[in-house]
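To keep things clear, I will list the structure first and then write my remarks on it.
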Number of protein chains: 2
Amino acid sequence: MNNNNPIEKCDCEVIHDEIVNSVKGKMPQEETLFDLAELFKVFGDSTRIKILWALDEVEMCVCDIAVLLNMTQSAISHQLRVLKQAKLVKNRKEGKVVYYSLDDDHVKQIFDQGLEHINEK
Amino acid sequence: MNNNNPIEKCDCEVIHDEIVNSVKGKMPQEETLFDLAELFKVFGDSTRIKILWALDEVEMCVCDIAVLLNMTQSAISHQLRVLKQAKLVKNRKEGKVVYYSLDDDHVKQIFDQGLEHINEK
DNA sequence: AATACATATGAACAGTTATTCATATGTTCA
DNA sequence: TGAACATATGAATAACTGTTCATATGTATT
């Protein structure tokens, strides 16, 4: 069933039909790959990386983090929301103060793998 | 030496001075965290995730990838450049055709950690 | 040499995102 | 109740990013 239809968006001929079809069969669901990209997008910002790294050490309140990173409370709060939506951090409230902590066991391992890549290259 | 200077950008008082200072001492170098974020930024795009996943299966030429993902050759080529700059893929030339393959052992492990996070939540 | 084709690349555009600013919410304490 | 403070949030803005389009480069074939 290998017809010679013009390929939709690619402006070149298929070079290796078999390989393409084989890989197509092995690819995870579109949605899974999308979710994976969304997760890594969260890791792809220095501020959030710093927050995660700090929270991997110890639970901290919003203001602590702002002071630590020398940024505004607002900026940190916005980023904590992103991290929370990604379910990477959780929080607990104690009076006026909200304490954030890591909510994932894989963060450190993902960091470590990333660092290994960087250090090898 | 805990003076009571107004904190630069944070518009609130330091809540837990000791924690902030302790964590500050344990944080990796600014540059390391920046590089880590830059690396994850590369993972933070569906197209690039798909390319990496495909190349983890088998070496492919640019056109193959374009057909596989139903995208233009140009778009793929641009993304391959990003992946190459990040040293996640390498290529070899055979006549007109350029074959790309993974250039990192950690890609799959990073994916797996990410997937574990997603599946747990 | 000329053509065909695979890939690369620069400019432009649209969509996304991080920070700032102003302000709202919610809690404590007097 | 009102003042003080920690945090959250919406709107605005500036910077960044992915794709497209047009075109350039480089290789093989005739």
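By convention here, the chains of the structure tokens are called A, B, ... in the order presented, each chain's residues are numbered starting at 1, and ligands are numbered starting at 1 in the order presented.
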Review point. Taking only C-alpha atoms (C1' of nucleotides) into account, what are the residues of chain B at most 8 Å from chain C, put as a PyMOL selection string?
Key: chain B and resi 62-63+77+96-98
What does the file look like for those residues with N, CA and C atoms, as an mmCIF file, in the first residue's frame?
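The resulting file, selection-v9.cif, is shown below:
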data_model
loop_
_atom_site.group_PDB
_atom_site.id
_atom_site.type_symbol
_atom_site.label_atom_id
_atom_site.label_comp_id
_atom_site.auth_asym_id
_atom_site.auth_seq_id
_atom_site.Cartn_x
_atom_site.Cartn_y
_atom_site.Cartn_z
ATOM 1 N N VAL B 62 16.377 14.253 7.650
ATOM 2 C CA VAL B 62 15.487 15.388 7.875
ATOM 3 C C VAL B 62 14.117 15.177 7.251
ATOM 4 N N CYS B 63 14.148 14.688 6.012
ATOM 5 C CA CYS B 63 12.893 14.501 5.295
ATOM 6 C C CYS B 63 12.013 13.448 5.957
ATOM 7 N N SER B 77 14.156 21.364 10.214
ATOM 8 C CA SER B 77 15.564 21.734 10.137
ATOM 9 C C SER B 77 15.927 22.760 11.219
ATOM 10 N N LYS B 96 23.604 13.900 -0.439
ATOM 11 C CA LYS B 96 22.729 15.028 -0.144
ATOM 12 C C LYS B 96 22.025 14.872 1.190
ATOM 13 N N VAL B 97 21.947 13.646 1.635
ATOM 14 C CA VAL B 97 21.103 13.338 2.787
ATOM 15 C C VAL B 97 21.867 13.463 4.099
ATOM 16 N N VAL B 98 21.226 14.098 5.074
ATOM 17 C CA VAL B 98 21.839 14.230 6.398
ATOM 18 C C VAL B 98 21.052 13.383 7.400
#
Considering only C-alpha atoms, tabulate each residue of chain A that lies at most 6 Å from chain B along with its nearest interatomic pair and the corresponding distance in Å to one decimal; arrange the rows by chain and ascending residue number and present them as a Markdown table.
| residue | atom | partner | partner_atom | distance |
| --- | --- | --- | --- | --- |
| A:Lys9 | CA | B:Thr72 | CA | 5.3 |
| A:Cys10 | CA | B:Thr72 | CA | 4.6 |
| A:Val20 | CA | B:Leu68 | CA | 5.8 |
| A:Phe34 | CA | B:Ser46 | CA | 5.4 |
| A:Ala37 | CA | B:Gly44 | CA | 4.4 |
| A:Phe40 | CA | B:Gly44 | CA | 4.6 |
| A:Lys41 | CA | B:Gly44 | CA | 4.1 |
| A:Phe43 | CA | B:Phe40 | CA | 5.7 |
| A:Gly44 | CA | B:Lys41 | CA | 4.0 |
| A:Asp45 | CA | B:Ala37 | CA | 5.1 |
| A:Ser46 | CA | B:Ala37 | CA | 5.2 |
| A:Ala66 | CA | B:Cys10 | CA | 5.8 |
| A:Val67 | CA | B:Cys10 | CA | 5.9 |
| A:Leu68 | CA | B:Val20 | CA | 5.8 |
| A:Asn70 | CA | B:Lys9 | CA | 5.9 |
| A:Met71 | CA | B:Lys9 | CA | 5.4 |
| A:Thr72 | CA | B:Cys10 | CA | 4.6 |
| A:Gln73 | CA | B:Cys10 | CA | 5.6 |
| A:Ile110 | CA | B:Ile110 | CA | 5.8 |
Could the residues in this selection be saved with C-alpha atoms as a PDB file, in the first residue's frame?
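Result written to out_32.pdb:
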ATOM      1  CA  LYS A   9       3.379  19.379   4.165  1.00  0.00           C
ATOM      2  CA  CYS A  10       6.858  18.048   3.519  1.00  0.00           C
ATOM      3  CA  VAL A  20       8.968   6.268   8.909  1.00  0.00           C
ATOM      4  CA  PHE A  34       2.421  17.019  24.617  1.00  0.00           C
ATOM      5  CA  ALA A  37       6.721  18.914  26.725  1.00  0.00           C
ATOM      6  CA  PHE A  40       9.664  20.286  30.769  1.00  0.00           C
ATOM      7  CA  LYS A  41       8.505  23.777  29.861  1.00  0.00           C
ATOM      8  CA  PHE A  43      11.623  23.268  34.189  1.00  0.00           C
ATOM      9  CA  GLY A  44      12.806  25.552  31.433  1.00  0.00           C
ATOM     10  CA  ASP A  45      13.091  28.756  33.431  1.00  0.00           C
ATOM     11  CA  SER A  46      15.914  29.788  35.757  1.00  0.00           C
ATOM     12  CA  ALA A  66      11.762  36.215  47.238  1.00  0.00           C
ATOM     13  CA  VAL A  67      14.621  37.297  49.485  1.00  0.00           C
ATOM     14  CA  LEU A  68      16.742  34.292  48.565  1.00  0.00           C
ATOM     15  CA  ASN A  70      16.331  38.774  45.224  1.00  0.00           C
ATOM     16  CA  MET A  71      13.084  39.074  43.353  1.00  0.00           C
ATOM     17  CA  THR A  72       9.703  40.601  44.082  1.00  0.00           C
ATOM     18  CA  GLN A  73       7.145  38.703  46.097  1.00  0.00           C
ATOM     19  CA  ILE A 110      15.532  14.972  36.578  1.00  0.00           C
TER      20      ILE A 110
END
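Once chain A is fitted onto chain B using all Cα atoms matched in sequence order, the root-mean-square deviation is 0.1 Å.
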Once you count only C-alpha atoms (C1' of nucleotides), what closest atom pair and distance in Å to one decimal does each residue of chain D within 12 Å of chain A have, with rows by chain and rising residue number, as a tab-separated table?
residue	atom	partner	partner_atom	distance
D:DA4	C1'	A:Lys96	CA	11.4
D:DC5	C1'	A:Lys96	CA	8.0
D:DA6	C1'	A:Lys96	CA	5.3
D:DT7	C1'	A:Val98	CA	7.4
D:DA8	C1'	A:Ser77	CA	7.1
D:DT9	C1'	A:His78	CA	8.5
D:DG10	C1'	A:His78	CA	11.4
D:DT20	C1'	A:Lys9	CA	11.5
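For the pair CA of Leu83 (chain A) and CA of Leu80 (chain B), the separation is 28.5 Å.
Here CA of Ile51 (chain B) and CA of Leu102 (chain B) stand 9.6 Å from one another.
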**Study point:** Expected answer as a PyMOL selection string: helix (DSSP H, G or I) residues in region 3-65 of chain B
**Key:** chain B and resi 17-26+30-43+46-57+62-65
Next, the residues of the selection above should be written as a compact mmCIF listing (two decimals), in the first residue's frame with N, CA, C and O atoms.
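That gives us result-v2.txt:
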# COMPACT_ATOMS: atom_id res chain seq x y z
N ASP B 17 15.35 34.14 58.50
CA ASP B 17 16.70 34.52 58.09
C ASP B 17 17.64 33.33 58.01
O ASP B 17 18.41 33.20 57.06
N GLU B 18 17.57 32.48 59.01
CA GLU B 18 18.51 31.36 59.05
C GLU B 18 18.30 30.41 57.87
O GLU B 18 19.26 29.96 57.25
N ILE B 19 17.05 30.14 57.59
CA ILE B 19 16.75 29.24 56.48
C ILE B 19 17.25 29.82 55.18
O ILE B 19 17.92 29.14 54.39
N VAL B 20 16.97 31.10 54.97
CA VAL B 20 17.41 31.74 53.73
C VAL B 20 18.92 31.65 53.58
O VAL B 20 19.43 31.27 52.52
N ASN B 21 19.63 31.96 54.64
CA ASN B 21 21.09 31.93 54.55
C ASN B 21 21.63 30.51 54.36
O ASN B 21 22.58 30.29 53.60
N SER B 22 21.01 29.59 55.04
CA SER B 22 21.44 28.19 54.91
C SER B 22 21.26 27.71 53.47
O SER B 22 22.16 27.12 52.88
N VAL B 23 20.07 27.98 52.92
CA VAL B 23 19.80 27.53 51.55
C VAL B 23 20.72 28.24 50.57
O VAL B 23 21.24 27.64 49.63
N LYS B 24 20.94 29.52 50.82
CA LYS B 24 21.81 30.29 49.93
C LYS B 24 23.18 29.64 49.82
O LYS B 24 23.79 29.61 48.76
N GLY B 25 23.65 29.11 50.94
CA GLY B 25 24.95 28.46 50.93
C GLY B 25 24.98 27.16 50.16
O GLY B 25 26.01 26.76 49.65
N LYS B 26 23.81 26.53 50.06
CA LYS B 26 23.76 25.21 49.42
C LYS B 26 23.40 25.26 47.95
O LYS B 26 23.52 24.26 47.24
N GLU B 30 25.00 30.07 40.12
CA GLU B 30 24.02 30.71 39.23
C GLU B 30 24.08 30.14 37.81
O GLU B 30 23.07 29.78 37.21
N GLU B 31 25.30 30.03 37.29
CA GLU B 31 25.48 29.61 35.90
C GLU B 31 24.99 28.17 35.68
O GLU B 31 24.42 27.84 34.64
N THR B 32 25.25 27.32 36.67
CA THR B 32 24.81 25.93 36.56
C THR B 32 23.30 25.84 36.43
O THR B 32 22.76 25.13 35.58
N LEU B 33 22.62 26.60 37.28
CA LEU B 33 21.16 26.58 37.25
C LEU B 33 20.64 27.17 35.95
O LEU B 33 19.64 26.70 35.41
N PHE B 34 21.33 28.17 35.46
CA PHE B 34 20.95 28.76 34.17
C PHE B 34 21.07 27.73 33.05
O PHE B 34 20.16 27.56 32.24
N ASP B 35 22.20 27.03 33.03
CA ASP B 35 22.42 26.01 31.99
C ASP B 35 21.37 24.91 32.07
O ASP B 35 20.91 24.41 31.04
N LEU B 36 21.03 24.55 33.29
CA LEU B 36 20.02 23.52 33.49
C LEU B 36 18.69 23.97 32.90
O LEU B 36 18.02 23.23 32.18
N ALA B 37 18.32 25.20 33.18
CA ALA B 37 17.08 25.75 32.63
C ALA B 37 17.13 25.77 31.11
O ALA B 37 16.16 25.42 30.43
N GLU B 38 18.27 26.17 30.57
CA GLU B 38 18.41 26.21 29.11
C GLU B 38 18.22 24.82 28.50
O GLU B 38 17.60 24.67 27.45
N LEU B 39 18.77 23.83 29.18
CA LEU B 39 18.62 22.46 28.68
C LEU B 39 17.15 22.03 28.67
O LEU B 39 16.64 21.52 27.68
N PHE B 40 16.46 22.29 29.77
CA PHE B 40 15.07 21.86 29.86
C PHE B 40 14.18 22.66 28.91
O PHE B 40 13.14 22.19 28.46
N LYS B 41 14.59 23.88 28.61
CA LYS B 41 13.86 24.67 27.63
C LYS B 41 13.81 23.92 26.30
O LYS B 41 12.80 23.93 25.61
N VAL B 42 14.90 23.25 25.98
CA VAL B 42 14.96 22.49 24.73
C VAL B 42 13.96 21.34 24.75
O VAL B 42 13.33 21.02 23.74
N PHE B 43 13.79 20.75 25.90
CA PHE B 43 12.82 19.66 26.03
C PHE B 43 11.37 20.17 26.08
O PHE B 43 10.44 19.40 25.96
N SER B 46 6.80 20.33 22.02
CA SER B 46 6.29 19.05 21.51
C SER B 46 7.07 18.57 20.29
O SER B 46 7.41 17.39 20.19
N THR B 47 7.33 19.48 19.39
CA THR B 47 8.04 19.07 18.17
C THR B 47 9.39 18.47 18.50
O THR B 47 9.75 17.40 17.99
N ARG B 48 10.12 19.15 19.39
CA ARG B 48 11.45 18.63 19.71
C ARG B 48 11.37 17.32 20.49
O ARG B 48 12.17 16.41 20.30
N ILE B 49 10.37 17.24 21.37
CA ILE B 49 10.17 15.98 22.10
C ILE B 49 9.92 14.85 21.12
O ILE B 49 10.49 13.76 21.23
N LYS B 50 9.08 15.11 20.14
CA LYS B 50 8.76 14.07 19.15
C LYS B 50 10.01 13.66 18.37
O LYS B 50 10.26 12.48 18.13
N ILE B 51 10.79 14.66 17.96
CA ILE B 51 12.02 14.36 17.22
C ILE B 51 12.95 13.50 18.06
O ILE B 51 13.47 12.48 17.60
N LEU B 52 13.13 13.89 19.30
CA LEU B 52 14.03 13.13 20.18
C LEU B 52 13.52 11.71 20.36
O LEU B 52 14.29 10.75 20.34
N TRP B 53 12.23 11.60 20.55
CA TRP B 53 11.65 10.27 20.76
C TRP B 53 11.87 9.39 19.53
O TRP B 53 12.25 8.21 19.64
N ALA B 54 11.65 9.98 18.36
CA ALA B 54 11.84 9.23 17.12
C ALA B 54 13.30 8.81 16.96
O ALA B 54 13.60 7.65 16.65
N LEU B 55 14.18 9.75 17.20
CA LEU B 55 15.60 9.45 17.03
C LEU B 55 16.12 8.46 18.06
O LEU B 55 17.16 7.84 17.87
N ASP B 56 15.37 8.35 19.16
CA ASP B 56 15.76 7.34 20.14
C ASP B 56 15.47 5.94 19.60
O ASP B 56 16.07 4.96 20.04
N GLU B 57 14.54 5.87 18.64
CA GLU B 57 14.25 4.58 18.01
C GLU B 57 15.28 4.24 16.95
O GLU B 57 15.83 3.17 16.92
N VAL B 62 16.38 14.25 7.65
CA VAL B 62 15.49 15.39 7.87
C VAL B 62 14.12 15.18 7.25
O VAL B 62 13.09 15.42 7.87
N CYS B 63 14.15 14.69 6.01
CA CYS B 63 12.89 14.50 5.30
C CYS B 63 12.01 13.45 5.96
O CYS B 63 10.80 13.62 6.06
N ASP B 64 12.62 12.36 6.40
CA ASP B 64 11.88 11.33 7.13
C ASP B 64 11.14 11.93 8.31
O ASP B 64 9.95 11.68 8.51
N ILE B 65 11.85 12.73 9.08
CA ILE B 65 11.25 13.32 10.27
C ILE B 65 10.10 14.23 9.89
O ILE B 65 9.04 14.22 10.51
